[in-house]
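For reference, upload-v1.cif (mmCIF, C-alpha atoms):
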```
data_my_file
#
loop_
_atom_site.group_PDB
_atom_site.id
_atom_site.type_symbol
_atom_site.label_atom_id
_atom_site.label_comp_id
_atom_site.auth_asym_id
_atom_site.auth_seq_id
_atom_site.Cartn_x
_atom_site.Cartn_y
_atom_site.Cartn_z
ATOM 1 C CA MET A 1 126.118 78.055 117.384
ATOM 2 C CA ALA A 2 122.633 79.039 118.517
ATOM 3 C CA ASP A 3 122.329 81.224 121.582
ATOM 4 C CA ALA A 4 119.911 79.756 124.125
ATOM 5 C CA PHE A 5 118.735 83.267 125.035
ATOM 6 C CA SER A 6 117.940 84.556 121.551
ATOM 7 C CA PHE A 7 114.387 84.766 120.268
ATOM 8 C CA ASN A 8 112.911 85.623 116.851
ATOM 9 C CA GLN A 9 109.115 85.667 116.653
ATOM 10 C CA VAL A 10 106.713 87.944 114.814
ATOM 11 C CA VAL A 11 102.944 88.157 115.312
ATOM 12 C CA LEU A 12 100.933 90.258 112.851
ATOM 13 C CA VAL A 13 97.227 90.899 112.423
ATOM 14 C CA GLY A 14 96.418 92.670 109.189
ATOM 15 C CA ARG A 15 94.761 92.531 105.797
ATOM 16 C CA ILE A 16 95.989 91.303 102.428
ATOM 17 C CA PRO A 17 96.118 94.365 100.135
ATOM 18 C CA LYS A 18 96.557 92.536 96.811
ATOM 19 C CA ALA A 19 96.666 89.109 95.182
ATOM 20 C CA VAL A 20 98.821 86.342 96.646
ATOM 21 C CA THR A 21 101.453 84.835 94.334
ATOM 22 C CA PHE A 22 102.091 81.105 94.332
ATOM 23 C CA ASP A 23 104.953 79.155 92.737
ATOM 24 C CA TRP A 24 105.469 75.430 92.754
ATOM 25 C CA SER A 25 108.690 74.330 94.372
ATOM 26 C CA LYS A 26 111.450 73.663 91.880
ATOM 27 C CA PRO A 27 111.917 69.971 91.035
ATOM 28 C CA LYS A 28 114.984 68.208 92.334
ATOM 29 C CA GLU A 29 117.545 66.864 89.861
ATOM 30 C CA ASN A 30 116.205 64.000 87.683
ATOM 31 C CA GLU A 31 112.645 64.799 88.781
ATOM 32 C CA GLU A 32 109.937 65.810 86.343
ATOM 33 C CA LYS A 33 107.318 66.944 88.842
ATOM 34 C CA PRO A 34 107.786 69.655 91.444
ATOM 35 C CA VAL A 35 108.104 68.586 95.046
ATOM 36 C CA ARG A 36 104.915 68.684 97.125
ATOM 37 C CA GLY A 37 103.913 72.151 98.187
ATOM 38 C CA GLY A 38 105.029 75.468 96.915
ATOM 39 C CA ILE A 39 105.839 79.014 97.875
ATOM 40 C CA SER A 40 103.348 81.826 98.494
ATOM 41 C CA ARG A 41 104.440 85.425 98.652
ATOM 42 C CA PHE A 42 102.074 88.066 99.942
ATOM 43 C CA GLN A 43 101.851 91.260 101.918
ATOM 44 C CA ILE A 44 100.014 92.143 105.115
ATOM 45 C CA VAL A 45 99.054 95.717 105.955
ATOM 46 C CA THR A 46 98.839 96.709 109.601
ATOM 47 C CA ASN A 47 97.383 100.028 110.725
ATOM 48 C CA GLU A 48 98.759 102.086 113.570
ATOM 49 C CA ILE A 49 98.311 105.604 114.900
ATOM 50 C CA TYR A 50 101.294 107.941 115.393
ATOM 51 C CA ASP A 51 100.765 111.455 116.762
ATOM 52 C CA GLY A 52 97.020 111.086 116.204
ATOM 53 C CA LYS A 53 97.413 110.239 112.508
ATOM 54 C CA PRO A 54 96.771 106.828 110.899
ATOM 55 C CA TYR A 55 99.793 105.045 109.488
ATOM 56 C CA ALA A 56 99.875 101.872 107.396
ATOM 57 C CA GLU A 57 102.836 99.500 107.549
ATOM 58 C CA TRP A 58 103.332 96.991 104.703
ATOM 59 C CA HIS A 59 104.987 93.677 105.615
ATOM 60 C CA ASN A 60 106.381 91.248 103.026
ATOM 61 C CA CYS A 61 105.572 87.631 103.909
ATOM 62 C CA VAL A 62 106.475 84.217 102.555
ATOM 63 C CA THR A 63 105.208 80.744 103.428
ATOM 64 C CA PHE A 64 105.903 77.236 102.147
ATOM 65 C CA GLY A 65 104.258 73.834 101.734
ATOM 66 C CA LYS A 66 100.730 73.334 103.050
ATOM 67 C CA ASN A 67 100.458 76.930 104.277
ATOM 68 C CA ALA A 68 101.342 78.103 100.761
ATOM 69 C CA GLU A 69 98.634 75.864 99.305
ATOM 70 C CA LEU A 70 96.084 77.235 101.798
ATOM 71 C CA MET A 71 97.005 80.777 100.810
ATOM 72 C CA ARG A 72 96.720 79.859 97.131
ATOM 73 C CA ASP A 73 93.281 78.286 97.574
ATOM 74 C CA TYR A 74 91.613 80.548 100.155
ATOM 75 C CA ALA A 75 93.350 83.927 100.423
ATOM 76 C CA TYR A 76 91.856 86.985 98.753
ATOM 77 C CA LYS A 77 92.306 90.741 98.767
ATOM 78 C CA GLY A 78 90.967 92.210 102.010
ATOM 79 C CA LEU A 79 91.241 89.000 104.057
ATOM 80 C CA LEU A 80 92.104 89.603 107.718
ATOM 81 C CA LEU A 81 94.925 87.289 108.861
ATOM 82 C CA LEU A 82 96.810 86.489 112.021
ATOM 83 C CA ILE A 83 100.338 85.379 111.215
ATOM 84 C CA ARG A 84 103.004 83.954 113.480
ATOM 85 C CA GLY A 85 106.479 83.506 112.118
ATOM 86 C CA ARG A 86 110.083 84.659 112.078
ATOM 87 C CA LEU A 87 111.723 87.796 110.745
ATOM 88 C CA GLN A 88 114.248 87.178 107.943
ATOM 89 C CA HIS A 89 116.694 89.593 106.337
ATOM 90 C CA LYS A 90 117.914 88.815 102.816
ATOM 91 C CA SER A 91 120.499 90.453 100.562
ATOM 92 C CA TYR A 92 122.095 89.890 97.180
ATOM 93 C CA LYS A 93 124.190 91.706 94.564
ATOM 94 C CA ASP A 94 122.378 92.821 91.423
ATOM 95 C CA LYS A 95 123.899 92.802 87.902
ATOM 96 C CA GLU A 96 125.493 96.218 88.486
ATOM 97 C CA GLY A 97 127.161 95.015 91.696
ATOM 98 C CA ASN A 98 124.866 96.945 94.051
ATOM 99 C CA TRP A 99 123.667 95.281 97.231
ATOM 100 C CA LYS A 100 119.894 94.826 97.505
ATOM 101 C CA ASN A 101 118.412 94.184 100.953
ATOM 102 C CA TRP A 102 114.927 93.331 102.110
ATOM 103 C CA THR A 103 113.127 92.011 105.153
ATOM 104 C CA GLN A 104 110.320 89.469 105.156
ATOM 105 C CA VAL A 105 108.266 87.459 107.598
ATOM 106 C CA LYS A 106 108.499 83.694 107.192
ATOM 107 C CA ALA A 107 104.913 82.800 108.134
ATOM 108 C CA GLU A 108 104.824 79.494 109.997
ATOM 109 C CA GLN A 109 101.247 79.678 111.319
ATOM 110 C CA ILE A 110 98.382 81.405 109.495
ATOM 111 C CA ASN A 111 94.871 81.944 110.851
ATOM 112 C CA PHE A 112 92.083 83.362 108.681
ATOM 113 C CA LEU A 113 90.123 85.868 110.783
ATOM 114 C CA SER A 114 87.521 86.898 108.207
ATOM 115 C CA LYS A 115 85.630 85.307 105.357
ATOM 116 C CA LYS A 116 84.634 86.497 101.928
ATOM 117 C CA GLU A 117 81.224 88.158 101.892
ATOM 118 C CA GLY A 118 78.510 86.061 100.289
ATOM 119 C CA VAL A 119 80.309 82.786 100.979
ATOM 120 C CA PRO A 120 78.677 80.891 103.856
ATOM 121 C CA ALA A 121 80.944 79.546 106.580
ATOM 122 C CA PRO A 122 80.963 75.754 106.922
ATOM 123 C CA ILE A 123 78.675 74.490 109.679
ATOM 124 C CA ASP A 124 79.785 71.702 111.970
ATOM 125 C CA GLU A 125 76.591 70.006 113.187
ATOM 126 C CA GLU A 126 78.312 68.336 116.161
ATOM 127 C CA THR A 127 79.547 71.683 117.359
ATOM 128 C CA GLU A 128 76.037 73.161 117.176
ATOM 129 C CA GLU A 129 74.603 70.212 119.140
ATOM 130 C CA GLU A 130 77.330 70.489 121.762
ATOM 131 C CA GLN A 131 76.647 74.217 122.076
ATOM 132 C CA GLU A 132 72.926 73.555 122.610
ATOM 133 C CA GLU A 133 73.745 71.016 125.346
ATOM 134 C CA HIS A 134 76.059 73.494 127.100
ATOM 135 C CA GLU A 135 73.449 76.259 126.895
ATOM 136 C CA GLN A 136 70.922 74.037 128.681
ATOM 137 C CA ASP A 137 73.358 72.774 131.322
ATOM 138 C CA PRO A 138 74.266 75.560 133.781
ATOM 139 C CA TYR A 139 77.416 73.707 134.974
#
```
Would you give me this structure, written as structure tokens?
Amino acid sequence: MADAFSFNQVVLVGRIPKAVTFDWSKPKENEEKPVRGGISRFQIVTNEIYDGKPYAEWHNCVTFGKNAELMRDYAYKGLLLLIRGRLQHKSYKDKEGNWKNWTQVKAEQINFLSKKEGVPAPIDEETEEEQEEHEQDPY
């Protein structure tokens, strides 16, 4: 039963330190093609300062479906992201019977905050025209 007063939300702003992995979702029984979407696994590095010294924290992240496809197509090393999601704790027993535990962020909303150098940003002509109108109109 869910507690009405519980809350699990994570907001991170950080950079991708290495390549994003992408796997197609496994097909359902009697299906030849994978289901739409996939799974992207990646890390985000956030920087903090403790006792006057810089400290980097590495966060494991996972996302599914359309967000996973966006990460596959547009994410690159060094990209600055804002991620909103939920914290998940996972565990399993390995072949030797030892418990393995890890924590990850299930990214539900991803915003790209930077762009790759040398790649021009798309220009929306309507937006530029609207901006010009607003600049001329003082109210």
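Comparing A:Asn47, A:Val62, A:Pro17, A:Leu79 by their smallest distance to Ala107 of chain A, the closest is A:Val62 (using all atoms listed in the file).
You can rank A:Arg72, A:His59, A:Lys77, A:Lys93 by their closest distance to Lys106 of chain A using all atoms listed in the file, and at the top of that list sits A:His59.
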Assuming 5 Å of padding per side, give the centre and edge lengths of the axis-aligned box around every listed atom of segment 9-23 of chain A, in Å to one decimal and as lines of an AutoDock Vina configuration file.
```
center_x = 101.9
center_y = 86.8
center_z = 104.7
size_x = 24.4
size_y = 25.2
size_z = 33.9
```
So that I can see what lies close to Gly38 of chain A, please list as number ranges by chain the residues with an atom at most 6 Å from it, counting all atoms listed in the file and leaving out residues fewer than 4 positions away in the same chain. A: 23-25, 64-65, 68
Using the chain letters and numbers from the file, which residues does the PyMOL selection byres ((chain A and resi 46) around 7) grab, as a PDB file with C-alpha atoms, keeping the file's coordinate frame?
```
ATOM      1  CA  VAL A  13      97.227  90.899 112.423  1.00  0.00           C
ATOM      2  CA  GLY A  14      96.418  92.670 109.189  1.00  0.00           C
ATOM      3  CA  ARG A  15      94.761  92.531 105.797  1.00  0.00           C
ATOM      4  CA  ILE A  44     100.014  92.143 105.115  1.00  0.00           C
ATOM      5  CA  VAL A  45      99.054  95.717 105.955  1.00  0.00           C
ATOM      6  CA  ASN A  47      97.383 100.028 110.725  1.00  0.00           C
ATOM      7  CA  GLU A  48      98.759 102.086 113.570  1.00  0.00           C
ATOM      8  CA  ALA A  56      99.875 101.872 107.396  1.00  0.00           C
ATOM      9  CA  GLU A  57     102.836  99.500 107.549  1.00  0.00           C
ATOM     10  CA  TRP A  58     103.332  96.991 104.703  1.00  0.00           C
TER      11      TRP A  58
END
```
When the PyMOL selection byres ((chain A and resi 60) around 6) is applied to the structure above, which residues does it catch, written out as a ChimeraX atom specification? /A:43,59,61,104
Atom CA of Asp94 of chain A and atom CA of Val20 of chain A, how far apart in Å? 25.0 Å
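Of the residues listed (A:Asn67, A:Pro54, A:Val11, A:Thr103), A:Asn67 shows the shortest atom-to-atom separation from Ser40 of chain A; distances use all atoms listed in the file.
For the atom pair formed by atom CA of Gln9 of chain A and atom CA of Asp51 of chain A, the distance is 27.1 Å, given to one decimal.
Note that atom CA of Phe22 of chain A and atom CA of Met71 of chain A are 8.2 Å apart.
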Using only C-alpha atoms, collect all residues at a distance of at most 7 Å from (94.8, 92.4, 97.7) as written in the file, then present them as a PyMOL selection string. chain A and resi 16-19+76-78
Taking C-alpha atoms for each residue, export the selection above as a PDB file, keeping the file's coordinate frame.
```
ATOM      1  CA  ILE A  16      95.989  91.303 102.428  1.00  0.00           C
ATOM      2  CA  PRO A  17      96.118  94.365 100.135  1.00  0.00           C
ATOM      3  CA  LYS A  18      96.557  92.536  96.811  1.00  0.00           C
ATOM      4  CA  ALA A  19      96.666  89.109  95.182  1.00  0.00           C
ATOM      5  CA  TYR A  76      91.856  86.985  98.753  1.00  0.00           C
ATOM      6  CA  LYS A  77      92.306  90.741  98.767  1.00  0.00           C
ATOM      7  CA  GLY A  78      90.967  92.210 102.010  1.00  0.00           C
TER       8      GLY A  78
END
```
So that I can see what lies close to segment 99-102 of chain A, please list as a VMD selection string the residues with an atom at most 10 Å from it, counting all atoms listed in the file and leaving out residues fewer than 3 positions away in the same chain. chain A and resid 60 88 to 96
How would segment 55-87 of chain A look with N, CA and C atoms restored, written as a PDB file, in the coordinates of the input?
```pdb
ATOM      1  N   TYR A  55      98.584 105.426 110.214  1.00  0.00           N
ATOM      2  CA  TYR A  55      99.793 105.045 109.488  1.00  0.00           C
ATOM      3  C   TYR A  55      99.691 103.575 109.118  1.00  0.00           C
ATOM      4  N   ALA A  56      99.917 103.263 107.862  1.00  0.00           N
ATOM      5  CA  ALA A  56      99.875 101.872 107.396  1.00  0.00           C
ATOM      6  C   ALA A  56     101.290 101.349 107.201  1.00  0.00           C
ATOM      7  N   GLU A  57     101.539 100.172 107.705  1.00  0.00           N
ATOM      8  CA  GLU A  57     102.836  99.500 107.549  1.00  0.00           C
ATOM      9  C   GLU A  57     102.636  98.266 106.685  1.00  0.00           C
ATOM     10  N   TRP A  58     103.435  98.122 105.629  1.00  0.00           N
ATOM     11  CA  TRP A  58     103.332  96.991 104.703  1.00  0.00           C
ATOM     12  C   TRP A  58     104.432  95.994 105.036  1.00  0.00           C
ATOM     13  N   HIS A  59     104.045  94.735 105.244  1.00  0.00           N
ATOM     14  CA  HIS A  59     104.987  93.677 105.615  1.00  0.00           C
ATOM     15  C   HIS A  59     105.025  92.625 104.512  1.00  0.00           C
ATOM     16  N   ASN A  60     106.218  92.321 103.998  1.00  0.00           N
ATOM     17  CA  ASN A  60     106.381  91.248 103.026  1.00  0.00           C
ATOM     18  C   ASN A  60     106.424  89.925 103.761  1.00  0.00           C
ATOM     19  N   CYS A  61     105.655  88.940 103.258  1.00  0.00           N
ATOM     20  CA  CYS A  61     105.572  87.631 103.909  1.00  0.00           C
ATOM     21  C   CYS A  61     105.809  86.526 102.892  1.00  0.00           C
ATOM     22  N   VAL A  62     106.289  85.403 103.381  1.00  0.00           N
ATOM     23  CA  VAL A  62     106.475  84.217 102.555  1.00  0.00           C
ATOM     24  C   VAL A  62     106.099  82.998 103.394  1.00  0.00           C
ATOM     25  N   THR A  63     105.516  81.997 102.743  1.00  0.00           N
ATOM     26  CA  THR A  63     105.208  80.744 103.428  1.00  0.00           C
ATOM     27  C   THR A  63     105.386  79.597 102.451  1.00  0.00           C
ATOM     28  N   PHE A  64     105.569  78.398 102.969  1.00  0.00           N
ATOM     29  CA  PHE A  64     105.903  77.236 102.147  1.00  0.00           C
ATOM     30  C   PHE A  64     104.963  76.070 102.418  1.00  0.00           C
ATOM     31  N   GLY A  65     104.969  75.093 101.525  1.00  0.00           N
ATOM     32  CA  GLY A  65     104.258  73.834 101.734  1.00  0.00           C
ATOM     33  C   GLY A  65     102.759  73.985 101.852  1.00  0.00           C
ATOM     34  N   LYS A  66     102.190  73.331 102.871  1.00  0.00           N
ATOM     35  CA  LYS A  66     100.730  73.334 103.050  1.00  0.00           C
ATOM     36  C   LYS A  66     100.179  74.731 103.309  1.00  0.00           C
ATOM     37  N   ASN A  67     100.909  75.559 104.060  1.00  0.00           N
ATOM     38  CA  ASN A  67     100.458  76.930 104.277  1.00  0.00           C
ATOM     39  C   ASN A  67     100.386  77.685 102.951  1.00  0.00           C
ATOM     40  N   ALA A  68     101.349  77.452 102.072  1.00  0.00           N
ATOM     41  CA  ALA A  68     101.342  78.103 100.761  1.00  0.00           C
ATOM     42  C   ALA A  68     100.139  77.652  99.946  1.00  0.00           C
ATOM     43  N   GLU A  69      99.804  76.372 100.026  1.00  0.00           N
ATOM     44  CA  GLU A  69      98.634  75.864  99.305  1.00  0.00           C
ATOM     45  C   GLU A  69      97.344  76.449  99.864  1.00  0.00           C
ATOM     46  N   LEU A  70      97.258  76.601 101.189  1.00  0.00           N
ATOM     47  CA  LEU A  70      96.084  77.235 101.798  1.00  0.00           C
ATOM     48  C   LEU A  70      95.944  78.681 101.323  1.00  0.00           C
ATOM     49  N   MET A  71      97.049  79.394 101.284  1.00  0.00           N
ATOM     50  CA  MET A  71      97.005  80.777 100.810  1.00  0.00           C
ATOM     51  C   MET A  71      96.582  80.825  99.344  1.00  0.00           C
ATOM     52  N   ARG A  72      97.092  79.909  98.545  1.00  0.00           N
ATOM     53  CA  ARG A  72      96.720  79.859  97.131  1.00  0.00           C
ATOM     54  C   ARG A  72      95.225  79.615  96.973  1.00  0.00           C
ATOM     55  N   ASP A  73      94.670  78.705  97.758  1.00  0.00           N
ATOM     56  CA  ASP A  73      93.281  78.286  97.574  1.00  0.00           C
ATOM     57  C   ASP A  73      92.260  79.209  98.244  1.00  0.00           C
ATOM     58  N   TYR A  74      92.618  79.846  99.363  1.00  0.00           N
ATOM     59  CA  TYR A  74      91.613  80.548 100.155  1.00  0.00           C
ATOM     60  C   TYR A  74      91.865  82.035 100.397  1.00  0.00           C
ATOM     61  N   ALA A  75      93.058  82.520 100.146  1.00  0.00           N
ATOM     62  CA  ALA A  75      93.350  83.927 100.423  1.00  0.00           C
ATOM     63  C   ALA A  75      92.798  84.818  99.324  1.00  0.00           C
ATOM     64  N   TYR A  76      92.376  86.005  99.707  1.00  0.00           N
ATOM     65  CA  TYR A  76      91.856  86.985  98.753  1.00  0.00           C
ATOM     66  C   TYR A  76      92.147  88.385  99.283  1.00  0.00           C
ATOM     67  N   LYS A  77      92.065  89.349  98.404  1.00  0.00           N
ATOM     68  CA  LYS A  77      92.306  90.741  98.767  1.00  0.00           C
ATOM     69  C   LYS A  77      91.307  91.162  99.847  1.00  0.00           C
ATOM     70  N   GLY A  78      91.813  91.748 100.921  1.00  0.00           N
ATOM     71  CA  GLY A  78      90.967  92.210 102.010  1.00  0.00           C
ATOM     72  C   GLY A  78      90.836  91.233 103.162  1.00  0.00           C
ATOM     73  N   LEU A  79      91.335  90.014 103.003  1.00  0.00           N
ATOM     74  CA  LEU A  79      91.241  89.000 104.057  1.00  0.00           C
ATOM     75  C   LEU A  79      92.041  89.434 105.279  1.00  0.00           C
ATOM     76  N   LEU A  80      91.429  89.302 106.459  1.00  0.00           N
ATOM     77  CA  LEU A  80      92.104  89.603 107.718  1.00  0.00           C
ATOM     78  C   LEU A  80      92.804  88.334 108.205  1.00  0.00           C
ATOM     79  N   LEU A  81      94.107  88.435 108.450  1.00  0.00           N
ATOM     80  CA  LEU A  81      94.925  87.289 108.861  1.00  0.00           C
ATOM     81  C   LEU A  81      95.637  87.560 110.170  1.00  0.00           C
ATOM     82  N   LEU A  82      95.876  86.478 110.906  1.00  0.00           N
ATOM     83  CA  LEU A  82      96.810  86.489 112.021  1.00  0.00           C
ATOM     84  C   LEU A  82      97.961  85.591 111.599  1.00  0.00           C
ATOM     85  N   ILE A  83      99.151  86.124 111.644  1.00  0.00           N
ATOM     86  CA  ILE A  83     100.338  85.379 111.215  1.00  0.00           C
ATOM     87  C   ILE A  83     101.339  85.326 112.347  1.00  0.00           C
ATOM     88  N   ARG A  84     101.883  84.138 112.563  1.00  0.00           N
ATOM     89  CA  ARG A  84     103.004  83.954 113.480  1.00  0.00           C
ATOM     90  C   ARG A  84     104.161  83.417 112.655  1.00  0.00           C
ATOM     91  N   GLY A  85     105.330  83.967 112.883  1.00  0.00           N
ATOM     92  CA  GLY A  85     106.479  83.506 112.118  1.00  0.00           C
ATOM     93  C   GLY A  85     107.769  84.108 112.636  1.00  0.00           C
ATOM     94  N   ARG A  86     108.753  84.149 111.735  1.00  0.00           N
ATOM     95  CA  ARG A  86     110.083  84.659 112.078  1.00  0.00           C
ATOM     96  C   ARG A  86     110.463  85.760 111.106  1.00  0.00           C
ATOM     97  N   LEU A  87     111.225  86.716 111.576  1.00  0.00           N
ATOM     98  CA  LEU A  87     111.723  87.796 110.745  1.00  0.00           C
ATOM     99  C   LEU A  87     112.991  87.331 110.041  1.00  0.00           C
TER     100      LEU A  87
END
```
